[in-house]
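Asks: Below is a structure I'd like to ask you about.
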Amino acid sequence: MIVADKKPVEEIIGYLKDHKSILILGCNECVTVCEAGGQKEVQVLASALRMNALKENKEVKIEELTLERQCDHEYLEELRDVIDQYDAVVSLACGVGVQFTAEQYPSTMVYPGVNTCFMGATEKRGLWTERCQGCGQCILATTGSICPVARCAKRLFNGPCGGSTAGKCEINAETDCAWQLIVDRLKTLDHLDQYEKLCPIKDWSTDRAGGPRKVVREDVQQ
Amino acid sequence: MSVKTPSKLEKILSEGHLAVTSECGPPRGSDPEAITKKAELIKDHVDAINITDNQTSVTRLCSLAACIRLKLMGLEPVLQMVTRDRNRIALQSDILGAASFDIHNILCLSGDHQSFGDCAQGQNVHDLDSMQLIQTVRHMRDEGQFLGGDEIKRPPRMFVGAAANPFADPFEIRVPRLAKKIAAGVEFVQTQCIYNLDKFEAWMQGVRDRGLHEKVYILAGLTPMKNVGMARYMKKRVPGMDVPDEIVDRLAGTPKEKQAEEGIKICIESIQRLKQVEGVAGFHIMAIEWEEKVPQIVESAGLYPRPKVD
C-alpha cells in the first residue's frame, strides 16, 4: 500500500489562514490502514482546526467527509453537489488522491493533509516500512525476493557495500542491510550461487527517470 | 598478468615488485598548494597517489582537478570515482576528461552515504554501482565504445581498480564479492585499513583457495593510528572497520606523547607481517592528514627505494 504520515497541524493551519469554509476529505484506502488519513484522522484534524479557529476568534466552517477512494473518478463524483460550499479542501489521501481531487474540481483549492512517503507494508501497528519504489522493471527474481532498489540506501545492484556491519546499514543501526537480508535468504533457499551473478547495468527509463509514466492496457479498456 | 595500459602502477605490479600507493584528500577550498604540498611529502616514496572523491561525503575540490595537479608535477595519480554523485553521462565524461590528461589509473567506488557529510539533505545518484562502473571503464577501454555503443575516439587507457573490504559483513561473501569484482573486470584492489591481521589472513586464504590472487593485484590497506582516541573512534564509529581490542589496549597503555610513534610502529609491524602473505601484491598507505609520516613508514618497512620502471 501507499504509506503516508501526518503533516504537522501548524503547517495545515498555515495553508488555511485565509479560508472560511473548509472540507476535510479522508480516504478509506491505504491512508486509513496506515492511520494517517482515514475517517478517524479526519475527525482529529477537524477538531484541531475548530479549536484553533475558536482560539483565534475566527468564524470558519469546517466539515468532514471520507470517500471510499480519491484515486477513482467514480468516488470523487460524490463531491460534485457539495463542492461549491467550500473554498478549500484538505485531502488526507496520498499525493495521488490530492491531485486527482484537484483535477476534478479545478476551481477549488485542494491542500495536502499528509506527507506521502512510500510503498510499504505494516510490520506492526504504528510501524510501516518501505518495500518498493516502482522502478517499472522488477528484479526480485534475482535477489531472493528482497529489493535493493527500495531497501539499500545506495540502491546497489551488486551489494553489499563496505559499510554493512552486523546486519545493519552504514546509515544507522536501525536499518537492516538489504544485502545481508538477500544473502541470508539466498542461503536459506540454497541459492547462494546466485550471489555471484553480476547484475547488469539498469535501464532506468521505466523508473521516474523516463518521465511521468503510464500503464496502457488496451485489452481491458472499454 | 600482461600489461594492458601505460600505467606505471600496473607496470610495477606486473614486474612482481611490491607496489606502494598512498592517498591525498583534496582541500575544502581551491588552493592548489594544499594538494601539491601533500604530494611533495610522499612523491619519492610511493608509486602512485590516490586522490579521494569527496570522501565521507564532505564536499571538496574535485578528484579530477587534483589528479591533474599531480600529473602536472609528473606524478602518477589514481583517480578515485564514486557513483554517488554522478550518473553514467557524467561518469563517462569525467573518465574521458581524465584520459585527456593521460591519467592511467582509476578506482571505482560506490562512495559513503551522503548522510555522513555536509549535504545530508542532498539526493544520491547511484545510477551505476561500483561493479558496473568497473564494467563501464573496461568497456570504454577495451571495446573503445561508450555504454550507448558509439565509438570513442582515443579511448581511455586506464588500469582499473576497486576497493575490497575483508572486514565488512557478511564475511562469507567477502571472497565471492572479490570474485564478482574480478568478473566485472577489476585489475587491482586496495583493501580497507587492516588492523585485524588474523581476519585479513583468513580472507586471503579464501582468496588463494579460489586462485583469485592470480587474477587481481591485492594492495593491503593500512592507516597508522595517531592516538588511542582515533583507534576508539574507528572501532566504534566507522562502518566496516575492524579494530581489535589489542590495538586499542596497546595504544591506551602507551604514554600520550608516545602514542603517535606507537601507531607508526604498529603500522610498520603490520606491513612486515603482511609481506609474508602470499597474494599481497603491495601496500596502500592511507596516512589521513598525516602524509609526512609516509616516508618513514615506507623506509622502515623495507619498501624503499621504489623501483624504477620505464
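Identifiers for the C-alpha cells are assigned positionally: chains receive A, B, ... in sequence, residues are indexed from 1 per chain, and ligands are indexed from 1 in the order shown.
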Return as a PyMOL selection string the residues belonging to chain A that are within 9 Å of chain B, counting only C-alpha atoms.
Replies: chain A and resi 153-171+179-180+183-184+195-202+204
Asks: Please, could you write that set of residues out with N, CA and C atoms as an mmCIF file, in the first residue's frame?
Replies:
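Full text of out-v2.cif as output:
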```
data_model
loop_
_atom_site.group_PDB
_atom_site.id
_atom_site.type_symbol
_atom_site.label_atom_id
_atom_site.label_comp_id
_atom_site.auth_asym_id
_atom_site.auth_seq_id
_atom_site.Cartn_x
_atom_site.Cartn_y
_atom_site.Cartn_z
ATOM 1 N N ALA A 153 20.394 1.714 0.908
ATOM 2 C CA ALA A 153 20.490 3.182 0.898
ATOM 3 C C ALA A 153 21.220 3.691 -0.342
ATOM 4 N N LYS A 154 21.997 2.822 -0.978
ATOM 5 C CA LYS A 154 22.710 3.218 -2.209
ATOM 6 C C LYS A 154 22.147 2.492 -3.427
ATOM 7 N N ARG A 155 21.008 1.859 -3.246
ATOM 8 C CA ARG A 155 20.361 1.026 -4.255
ATOM 9 C C ARG A 155 21.376 0.236 -5.091
ATOM 10 N N LEU A 156 22.289 -0.450 -4.418
ATOM 11 C CA LEU A 156 23.319 -1.225 -5.106
ATOM 12 C C LEU A 156 22.725 -2.510 -5.674
ATOM 13 N N PHE A 157 23.023 -2.753 -6.942
ATOM 14 C CA PHE A 157 22.558 -3.988 -7.572
ATOM 15 C C PHE A 157 23.524 -5.131 -7.314
ATOM 16 N N ASN A 158 24.743 -4.752 -6.948
ATOM 17 C CA ASN A 158 25.750 -5.766 -6.637
ATOM 18 C C ASN A 158 26.343 -5.431 -5.273
ATOM 19 N N GLY A 159 25.550 -5.510 -4.260
ATOM 20 C CA GLY A 159 25.997 -5.165 -2.916
ATOM 21 C C GLY A 159 26.505 -6.384 -2.190
ATOM 22 N N PRO A 160 26.772 -6.282 -0.888
ATOM 23 C CA PRO A 160 26.649 -5.071 -0.074
ATOM 24 C C PRO A 160 27.895 -4.213 -0.203
ATOM 25 N N CYS A 161 27.794 -2.957 0.229
ATOM 26 C CA CYS A 161 28.964 -2.094 0.230
ATOM 27 C C CYS A 161 29.815 -2.437 1.451
ATOM 28 N N GLY A 162 30.897 -1.718 1.610
ATOM 29 C CA GLY A 162 31.807 -1.994 2.722
ATOM 30 C C GLY A 162 31.292 -1.495 4.063
ATOM 31 N N GLY A 163 30.121 -0.897 4.064
ATOM 32 C CA GLY A 163 29.614 -0.330 5.316
ATOM 33 C C GLY A 163 28.642 -1.229 6.064
ATOM 34 N N SER A 164 28.407 -2.440 5.526
ATOM 35 C CA SER A 164 27.465 -3.358 6.175
ATOM 36 C C SER A 164 28.095 -3.946 7.442
ATOM 37 N N THR A 165 27.439 -3.710 8.584
ATOM 38 C CA THR A 165 28.017 -4.154 9.852
ATOM 39 C C THR A 165 26.968 -4.870 10.691
ATOM 40 N N ALA A 166 27.243 -6.108 11.044
ATOM 41 C CA ALA A 166 26.354 -6.902 11.895
ATOM 42 C C ALA A 166 24.907 -6.855 11.410
ATOM 43 N N GLY A 167 24.741 -6.934 10.109
ATOM 44 C CA GLY A 167 23.395 -6.987 9.536
ATOM 45 C C GLY A 167 22.743 -5.638 9.341
ATOM 46 N N LYS A 168 23.443 -4.572 9.728
ATOM 47 C CA LYS A 168 22.831 -3.248 9.643
ATOM 48 C C LYS A 168 23.527 -2.373 8.602
ATOM 49 N N CYS A 169 22.786 -1.383 8.134
ATOM 50 C CA CYS A 169 23.260 -0.446 7.114
ATOM 51 C C CYS A 169 24.182 0.593 7.745
ATOM 52 N N GLU A 170 25.102 1.149 6.915
ATOM 53 C CA GLU A 170 26.017 2.149 7.468
ATOM 54 C C GLU A 170 25.310 3.438 7.855
ATOM 55 N N ILE A 171 24.103 3.682 7.323
ATOM 56 C CA ILE A 171 23.468 4.975 7.620
ATOM 57 C C ILE A 171 22.934 5.047 9.056
ATOM 58 N N TRP A 179 21.396 -6.139 1.606
ATOM 59 C CA TRP A 179 22.213 -7.211 1.025
ATOM 60 C C TRP A 179 22.509 -8.325 2.016
ATOM 61 N N GLN A 180 22.535 -7.980 3.312
ATOM 62 C CA GLN A 180 22.632 -9.052 4.316
ATOM 63 C C GLN A 180 21.367 -9.906 4.241
ATOM 64 N N VAL A 183 21.549 -12.073 1.088
ATOM 65 C CA VAL A 183 22.493 -13.195 1.241
ATOM 66 C C VAL A 183 21.895 -14.261 2.164
ATOM 67 N N ASP A 184 21.306 -13.813 3.273
ATOM 68 C CA ASP A 184 20.706 -14.778 4.214
ATOM 69 C C ASP A 184 19.612 -15.599 3.531
ATOM 70 N N TYR A 195 24.331 -15.236 -5.937
ATOM 71 C CA TYR A 195 25.016 -14.016 -5.496
ATOM 72 C C TYR A 195 26.135 -13.609 -6.455
ATOM 73 N N GLU A 196 26.821 -14.592 -7.009
ATOM 74 C CA GLU A 196 27.986 -14.250 -7.842
ATOM 75 C C GLU A 196 27.632 -13.836 -9.265
ATOM 76 N N LYS A 197 26.354 -13.875 -9.597
ATOM 77 C CA LYS A 197 25.968 -13.413 -10.931
ATOM 78 C C LYS A 197 25.918 -11.887 -10.932
ATOM 79 N N LEU A 198 26.660 -11.285 -11.843
ATOM 80 C CA LEU A 198 26.676 -9.823 -11.918
ATOM 81 C C LEU A 198 25.331 -9.304 -12.404
ATOM 82 N N CYS A 199 24.806 -8.343 -11.678
ATOM 83 C CA CYS A 199 23.560 -7.731 -12.119
ATOM 84 C C CYS A 199 23.907 -6.644 -13.138
ATOM 85 N N PRO A 200 23.369 -6.728 -14.345
ATOM 86 C CA PRO A 200 23.771 -5.775 -15.384
ATOM 87 C C PRO A 200 23.314 -4.351 -15.084
ATOM 88 N N ILE A 201 23.894 -3.416 -15.805
ATOM 89 C CA ILE A 201 23.544 -2.005 -15.656
ATOM 90 C C ILE A 201 22.040 -1.826 -15.904
ATOM 91 N N LYS A 202 21.427 -1.110 -15.005
ATOM 92 C CA LYS A 202 19.966 -0.985 -15.010
ATOM 93 C C LYS A 202 19.461 -0.022 -16.080
ATOM 94 N N TRP A 204 17.007 2.522 -16.453
ATOM 95 C CA TRP A 204 16.170 3.340 -15.562
ATOM 96 C C TRP A 204 15.057 4.063 -16.309
#
```
Asks: I need the alpha helix (DSSP H) residues of region 31-250 of chain B per DSSP on the backbone, written as a count of residues only.
Replies: 82
Asks: Assign secondary structure with DSSP using the backbone only, and return the residues of region 30-278 of chain B in strand (DSSP E or B) as a ChimeraX atom specification.
Replies: /B:48-51,77-82,105-109,145,151,159-164,188-193,217-222
Asks: Mind writing the picked residues with N, CA and C atoms as an mmCIF file, in the first residue's frame?
Replies:
```
data_model
loop_
_atom_site.group_PDB
_atom_site.id
_atom_site.type_symbol
_atom_site.label_atom_id
_atom_site.label_comp_id
_atom_site.auth_asym_id
_atom_site.auth_seq_id
_atom_site.Cartn_x
_atom_site.Cartn_y
_atom_site.Cartn_z
ATOM 1 N N ALA B 48 52.260 5.531 -6.800
ATOM 2 C CA ALA B 48 51.078 6.238 -7.303
ATOM 3 C C ALA B 48 50.329 6.823 -6.106
ATOM 4 N N ILE B 49 49.584 7.891 -6.393
ATOM 5 C CA ILE B 49 48.871 8.594 -5.315
ATOM 6 C C ILE B 49 47.375 8.638 -5.645
ATOM 7 N N ASN B 50 46.576 8.042 -4.776
ATOM 8 C CA ASN B 50 45.113 8.143 -4.931
ATOM 9 C C ASN B 50 44.666 9.547 -4.554
ATOM 10 N N ILE B 51 43.707 10.048 -5.306
ATOM 11 C CA ILE B 51 43.033 11.284 -4.885
ATOM 12 C C ILE B 51 41.592 10.910 -4.577
ATOM 13 N N PRO B 77 48.815 9.677 -10.706
ATOM 14 C CA PRO B 77 47.613 9.684 -9.870
ATOM 15 C C PRO B 77 46.722 8.450 -10.076
ATOM 16 N N VAL B 78 45.966 8.137 -9.034
ATOM 17 C CA VAL B 78 44.874 7.158 -9.143
ATOM 18 C C VAL B 78 43.595 7.959 -8.899
ATOM 19 N N LEU B 79 42.788 8.064 -9.947
ATOM 20 C CA LEU B 79 41.553 8.846 -9.854
ATOM 21 C C LEU B 79 40.488 8.025 -9.131
ATOM 22 N N GLN B 80 40.118 8.455 -7.933
ATOM 23 C CA GLN B 80 39.006 7.777 -7.251
ATOM 24 C C GLN B 80 37.704 8.381 -7.782
ATOM 25 N N MET B 81 36.745 7.501 -8.055
ATOM 26 C CA MET B 81 35.484 7.974 -8.622
ATOM 27 C C MET B 81 34.332 7.225 -7.950
ATOM 28 N N VAL B 82 33.434 7.966 -7.323
ATOM 29 C CA VAL B 82 32.295 7.338 -6.670
ATOM 30 C C VAL B 82 31.045 7.482 -7.547
ATOM 31 N N ASN B 105 45.105 5.528 -14.085
ATOM 32 C CA ASN B 105 44.584 4.644 -13.032
ATOM 33 C C ASN B 105 43.264 5.195 -12.521
ATOM 34 N N ILE B 106 42.340 4.279 -12.277
ATOM 35 C CA ILE B 106 41.044 4.699 -11.728
ATOM 36 C C ILE B 106 40.627 3.713 -10.645
ATOM 37 N N LEU B 107 39.996 4.229 -9.602
ATOM 38 C CA LEU B 107 39.479 3.375 -8.533
ATOM 39 C C LEU B 107 37.968 3.574 -8.480
ATOM 40 N N CYS B 108 37.236 2.496 -8.733
ATOM 41 C CA CYS B 108 35.775 2.574 -8.856
ATOM 42 C C CYS B 108 35.101 2.253 -7.520
ATOM 43 N N LEU B 109 34.338 3.196 -7.017
ATOM 44 C CA LEU B 109 33.737 3.065 -5.683
ATOM 45 C C LEU B 109 32.269 3.469 -5.716
ATOM 46 N N GLN B 145 34.246 1.917 -26.832
ATOM 47 C CA GLN B 145 32.855 2.355 -27.026
ATOM 48 C C GLN B 145 32.291 2.989 -25.755
ATOM 49 N N GLU B 151 31.256 4.822 -30.931
ATOM 50 C CA GLU B 151 32.715 4.696 -30.874
ATOM 51 C C GLU B 151 33.326 5.869 -30.098
ATOM 52 N N PHE B 159 44.157 1.609 -15.952
ATOM 53 C CA PHE B 159 44.310 0.421 -15.114
ATOM 54 C C PHE B 159 43.183 0.520 -14.080
ATOM 55 N N VAL B 160 42.348 -0.531 -14.027
ATOM 56 C CA VAL B 160 41.071 -0.395 -13.323
ATOM 57 C C VAL B 160 41.107 -1.039 -11.935
ATOM 58 N N GLY B 161 40.850 -0.213 -10.946
ATOM 59 C CA GLY B 161 40.886 -0.691 -9.568
ATOM 60 C C GLY B 161 39.556 -0.540 -8.851
ATOM 61 N N ALA B 162 39.507 -1.143 -7.680
ATOM 62 C CA ALA B 162 38.323 -1.029 -6.822
ATOM 63 C C ALA B 162 38.768 -1.225 -5.382
ATOM 64 N N ALA B 163 37.846 -1.021 -4.485
ATOM 65 C CA ALA B 163 38.129 -1.280 -3.073
ATOM 66 C C ALA B 163 37.679 -2.698 -2.745
ATOM 67 N N ALA B 164 38.281 -3.249 -1.693
ATOM 68 C CA ALA B 164 37.795 -4.524 -1.162
ATOM 69 C C ALA B 164 37.819 -4.389 0.347
ATOM 70 N N PHE B 188 43.090 -4.306 -10.087
ATOM 71 C CA PHE B 188 43.758 -4.212 -8.778
ATOM 72 C C PHE B 188 42.739 -3.781 -7.734
ATOM 73 N N VAL B 189 42.974 -4.208 -6.494
ATOM 74 C CA VAL B 189 42.121 -3.727 -5.401
ATOM 75 C C VAL B 189 43.001 -3.175 -4.289
ATOM 76 N N GLN B 190 42.468 -2.173 -3.637
ATOM 77 C CA GLN B 190 43.085 -1.639 -2.423
ATOM 78 C C GLN B 190 42.108 -1.950 -1.298
ATOM 79 N N THR B 191 42.615 -2.549 -0.224
ATOM 80 C CA THR B 191 41.679 -3.005 0.811
ATOM 81 C C THR B 191 41.401 -1.916 1.839
ATOM 82 N N GLN B 192 40.358 -2.144 2.573
ATOM 83 C CA GLN B 192 40.049 -1.344 3.773
ATOM 84 C C GLN B 192 41.247 -1.436 4.720
ATOM 85 N N CYS B 193 41.402 -0.438 5.602
ATOM 86 C CA CYS B 193 42.516 -0.435 6.566
ATOM 87 C C CYS B 193 42.514 -1.747 7.360
ATOM 88 N N TYR B 217 45.582 -7.862 -8.580
ATOM 89 C CA TYR B 217 46.627 -7.434 -7.644
ATOM 90 C C TYR B 217 45.961 -6.890 -6.382
ATOM 91 N N ILE B 218 46.366 -7.423 -5.242
ATOM 92 C CA ILE B 218 45.744 -7.003 -3.976
ATOM 93 C C ILE B 218 46.727 -6.139 -3.196
ATOM 94 N N LEU B 219 46.367 -4.883 -3.007
ATOM 95 C CA LEU B 219 47.181 -3.965 -2.212
ATOM 96 C C LEU B 219 46.555 -3.862 -0.824
ATOM 97 N N ALA B 220 47.326 -4.233 0.177
ATOM 98 C CA ALA B 220 46.810 -4.231 1.548
ATOM 99 C C ALA B 220 46.749 -2.793 2.066
ATOM 100 N N GLY B 221 45.610 -2.388 2.585
ATOM 101 C CA GLY B 221 45.419 -1.018 3.055
ATOM 102 C C GLY B 221 45.824 -0.853 4.515
ATOM 103 N N LEU B 222 46.544 0.238 4.798
ATOM 104 C CA LEU B 222 46.983 0.487 6.181
ATOM 105 C C LEU B 222 46.838 1.966 6.513
#
```
Asks: Using only C-alpha atoms, which of the listed residues (B:Gly25, B:Gly263, B:Pro295, B:Gly117) sits closest to Leu41 (chain B)?
Replies: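 Smallest distance to Leu41 (chain B) is found for B:Pro295.
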Asks: So that I can see what lies close to region 297-307 of chain B, please list as a ChimeraX atom specification the residues with an atom at most 9 Å from it, counting only C-alpha atoms and leaving out residues fewer than 5 positions away in the same chain.
Replies: /B:12,17-20,44-47,264-265,267-269,271-272,285
Asks: Those residues you just picked out, can you put them in a file as a short mmCIF file (atom, residue, chain, number, x, y, z; two decimals), in the first residue's frame with N, CA and C atoms?
Replies:
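What follows is the written file out.cif:
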```
data_model
loop_
_atom_site.label_atom_id
_atom_site.label_comp_id
_atom_site.auth_asym_id
_atom_site.auth_seq_id
_atom_site.Cartn_x
_atom_site.Cartn_y
_atom_site.Cartn_z
N ILE B 12 54.72 -1.76 -12.49
CA ILE B 12 55.43 -2.17 -11.28
C ILE B 12 54.87 -3.49 -10.75
N HIS B 17 57.13 -6.43 -8.39
CA HIS B 17 57.54 -5.62 -7.23
C HIS B 17 56.34 -5.45 -6.30
N LEU B 18 56.63 -5.31 -5.01
CA LEU B 18 55.57 -4.91 -4.09
C LEU B 18 55.30 -3.42 -4.33
N ALA B 19 54.11 -3.10 -4.76
CA ALA B 19 53.79 -1.69 -5.06
C ALA B 19 53.46 -0.94 -3.78
N VAL B 20 53.68 0.37 -3.82
CA VAL B 20 53.27 1.20 -2.69
C VAL B 20 52.47 2.39 -3.23
N ASP B 44 58.44 10.67 -3.49
CA ASP B 44 59.60 9.80 -3.74
C ASP B 44 59.45 8.43 -3.08
N HIS B 45 58.41 8.26 -2.29
CA HIS B 45 58.25 7.02 -1.52
C HIS B 45 57.08 6.16 -1.96
N VAL B 46 56.34 6.63 -2.96
CA VAL B 46 55.19 5.85 -3.43
C VAL B 46 55.21 5.77 -4.95
N ASP B 47 54.51 4.78 -5.49
CA ASP B 47 54.46 4.60 -6.94
C ASP B 47 53.30 5.37 -7.56
N ILE B 264 52.64 4.39 14.46
CA ILE B 264 53.51 4.17 13.29
C ILE B 264 54.16 2.78 13.39
N LYS B 265 54.57 2.44 14.61
CA LYS B 265 55.23 1.15 14.84
C LYS B 265 54.28 -0.01 14.50
N CYS B 267 51.84 0.06 12.47
CA CYS B 267 51.67 0.06 11.01
C CYS B 267 52.84 -0.66 10.34
N ILE B 268 54.05 -0.35 10.77
CA ILE B 268 55.24 -0.97 10.17
C ILE B 268 55.26 -2.48 10.45
N GLU B 269 54.93 -2.84 11.68
CA GLU B 269 54.88 -4.28 12.03
C GLU B 269 53.86 -5.01 11.16
N ILE B 271 52.88 -4.20 8.14
CA ILE B 271 53.42 -4.37 6.78
C ILE B 271 54.41 -5.53 6.75
N GLN B 272 55.29 -5.59 7.77
CA GLN B 272 56.29 -6.68 7.81
C GLN B 272 55.59 -8.04 7.78
N ILE B 285 49.01 2.91 1.66
CA ILE B 285 49.19 3.54 2.98
C ILE B 285 48.39 4.85 3.03
#
```
Asks: Do you know which residues are at most 12 Å from Glu257 (chain B) counting only C-alpha atoms, after dropping those on the same chain fewer than 6 positions away, and could you put them as a list in words?
Replies: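 Using only C-alpha atoms, the neighbours found are Lys226, Asn227, Val228, Leu251 and Gly263 of chain B.
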Asks: Could the residues in this selection be written to a file with C-alpha atoms, as a compact mmCIF listing (two decimals), in the first residue's frame?
Replies:
```
# COMPACT_ATOMS: atom_id res chain seq x y z
CA LYS B 226 47.66 8.87 15.68
CA ASN B 227 46.47 8.13 19.21
CA VAL B 228 44.13 5.93 21.23
CA LEU B 251 47.82 2.48 22.41
CA GLY B 263 50.79 3.94 15.95
```
Asks: If we count only C-alpha atoms and set the cut-off at 10 Å, which residues sit around Asp102 (chain B), ignoring sequence neighbours fewer than 4 positions away in its own chain? Please answer as JSON, numbers by chain.
Replies: {"B": [6, 7, 68, 71, 76, 77, 96, 97, 98, 156, 157, 158]}
Asks: May I have the residues within 10 Å of region 75-82 of chain A as a PyMOL selection string, using only C-alpha atoms and disregarding those fewer than 2 positions away in the same chain?
Replies: chain A and resi 23+25+65+67-73+84-86+97+100-101+104-105
Asks: Could you write those residues out with C-alpha atoms, as a PDB file, in the first residue's frame?
Replies:
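The result, written out as again33.pdb:
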```
ATOM      1  CA  LEU A  23     -13.808  20.395   3.828  1.00  0.00           C
ATOM      2  CA  LEU A  25     -11.551  14.916   2.980  1.00  0.00           C
ATOM      3  CA  LEU A  65     -16.154  13.601   4.697  1.00  0.00           C
ATOM      4  CA  LEU A  67     -14.576   8.858   0.445  1.00  0.00           C
ATOM      5  CA  GLU A  68     -14.081   5.215  -0.441  1.00  0.00           C
ATOM      6  CA  ARG A  69     -11.158   6.284  -2.648  1.00  0.00           C
ATOM      7  CA  GLN A  70      -9.786   9.528  -4.041  1.00  0.00           C
ATOM      8  CA  CYS A  71      -7.911   7.889  -6.899  1.00  0.00           C
ATOM      9  CA  ASP A  72     -11.080   6.955  -8.806  1.00  0.00           C
ATOM     10  CA  HIS A  73     -13.441   9.275 -10.680  1.00  0.00           C
ATOM     11  CA  ASP A  84     -19.280  24.706  -4.131  1.00  0.00           C
ATOM     12  CA  GLN A  85     -19.981  25.111  -0.409  1.00  0.00           C
ATOM     13  CA  TYR A  86     -16.248  25.120   0.313  1.00  0.00           C
ATOM     14  CA  GLY A  97      -5.716  11.478  -4.220  1.00  0.00           C
ATOM     15  CA  PHE A 100      -6.985  13.595  -8.642  1.00  0.00           C
ATOM     16  CA  THR A 101      -9.389  15.563  -6.465  1.00  0.00           C
ATOM     17  CA  GLN A 104     -11.873  17.003 -10.858  1.00  0.00           C
ATOM     18  CA  TYR A 105     -12.587  20.313  -9.153  1.00  0.00           C
TER      19      TYR A 105
END
```
Asks: Rounded to one decimal, what separation in Å do you get between CA of Lys7 (chain A) and CA of Gly37 (chain A)?
Replies: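 Separation of CA of Lys7 (chain A) and CA of Gly37 (chain A): 10.2 Å.
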Asks: Please identify every residue of region 7-31 of chain A that has at least one atom no farther than 12 Å from an atom of region 112-118 of chain A, counting only C-alpha atoms, and for each give the shortest atom pair and the distance in Å to one decimal, arranged by chain then increasing number, as CSV.
Replies:
```
residue,atom,partner,partner_atom,distance
A:Lys7,CA,A:Val114,CA,4.8
A:Pro8,CA,A:Val114,CA,8.5
A:Val9,CA,A:Gly113,CA,8.6
A:Glu10,CA,A:Gly113,CA,11.0
A:Glu11,CA,A:Gly113,CA,9.0
A:Ile12,CA,A:Gly113,CA,6.7
A:Ile13,CA,A:Gly113,CA,10.2
A:Gly14,CA,A:Gly113,CA,11.6
A:Tyr15,CA,A:Pro112,CA,9.4
A:Leu16,CA,A:Gly113,CA,11.0
A:Leu23,CA,A:Gly113,CA,11.3
A:Ile24,CA,A:Gly113,CA,8.6
A:Leu25,CA,A:Gly113,CA,8.9
A:Gly26,CA,A:Gly113,CA,9.2
A:Cys27,CA,A:Gly113,CA,11.3
A:Cys30,CA,A:Thr116,CA,10.6
A:Val31,CA,A:Val114,CA,8.9
```
Asks: Figure out the distance between CA of Ser63 (chain B) and CA of Lys308 (chain B), please, to one decimal in Å.
Replies: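 Here the two named atoms are 26.2 Å from each other.
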Asks: As a ChimeraX atom specification, please: the residues near region 135-146 of chain A (cut-off 7 Å, only C-alpha atoms, same-chain neighbours under 5 positions excluded).
Replies: /A:182,185-186,206-207
Asks: For the atom pair CA of Lys187 (chain A) and CA of Cys132 (chain A), what is the interatomic distance in Å to one decimal place?
Replies: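 Straight-line distance from CA of Lys187 (chain A) to CA of Cys132 (chain A) works out to 22.6 Å.
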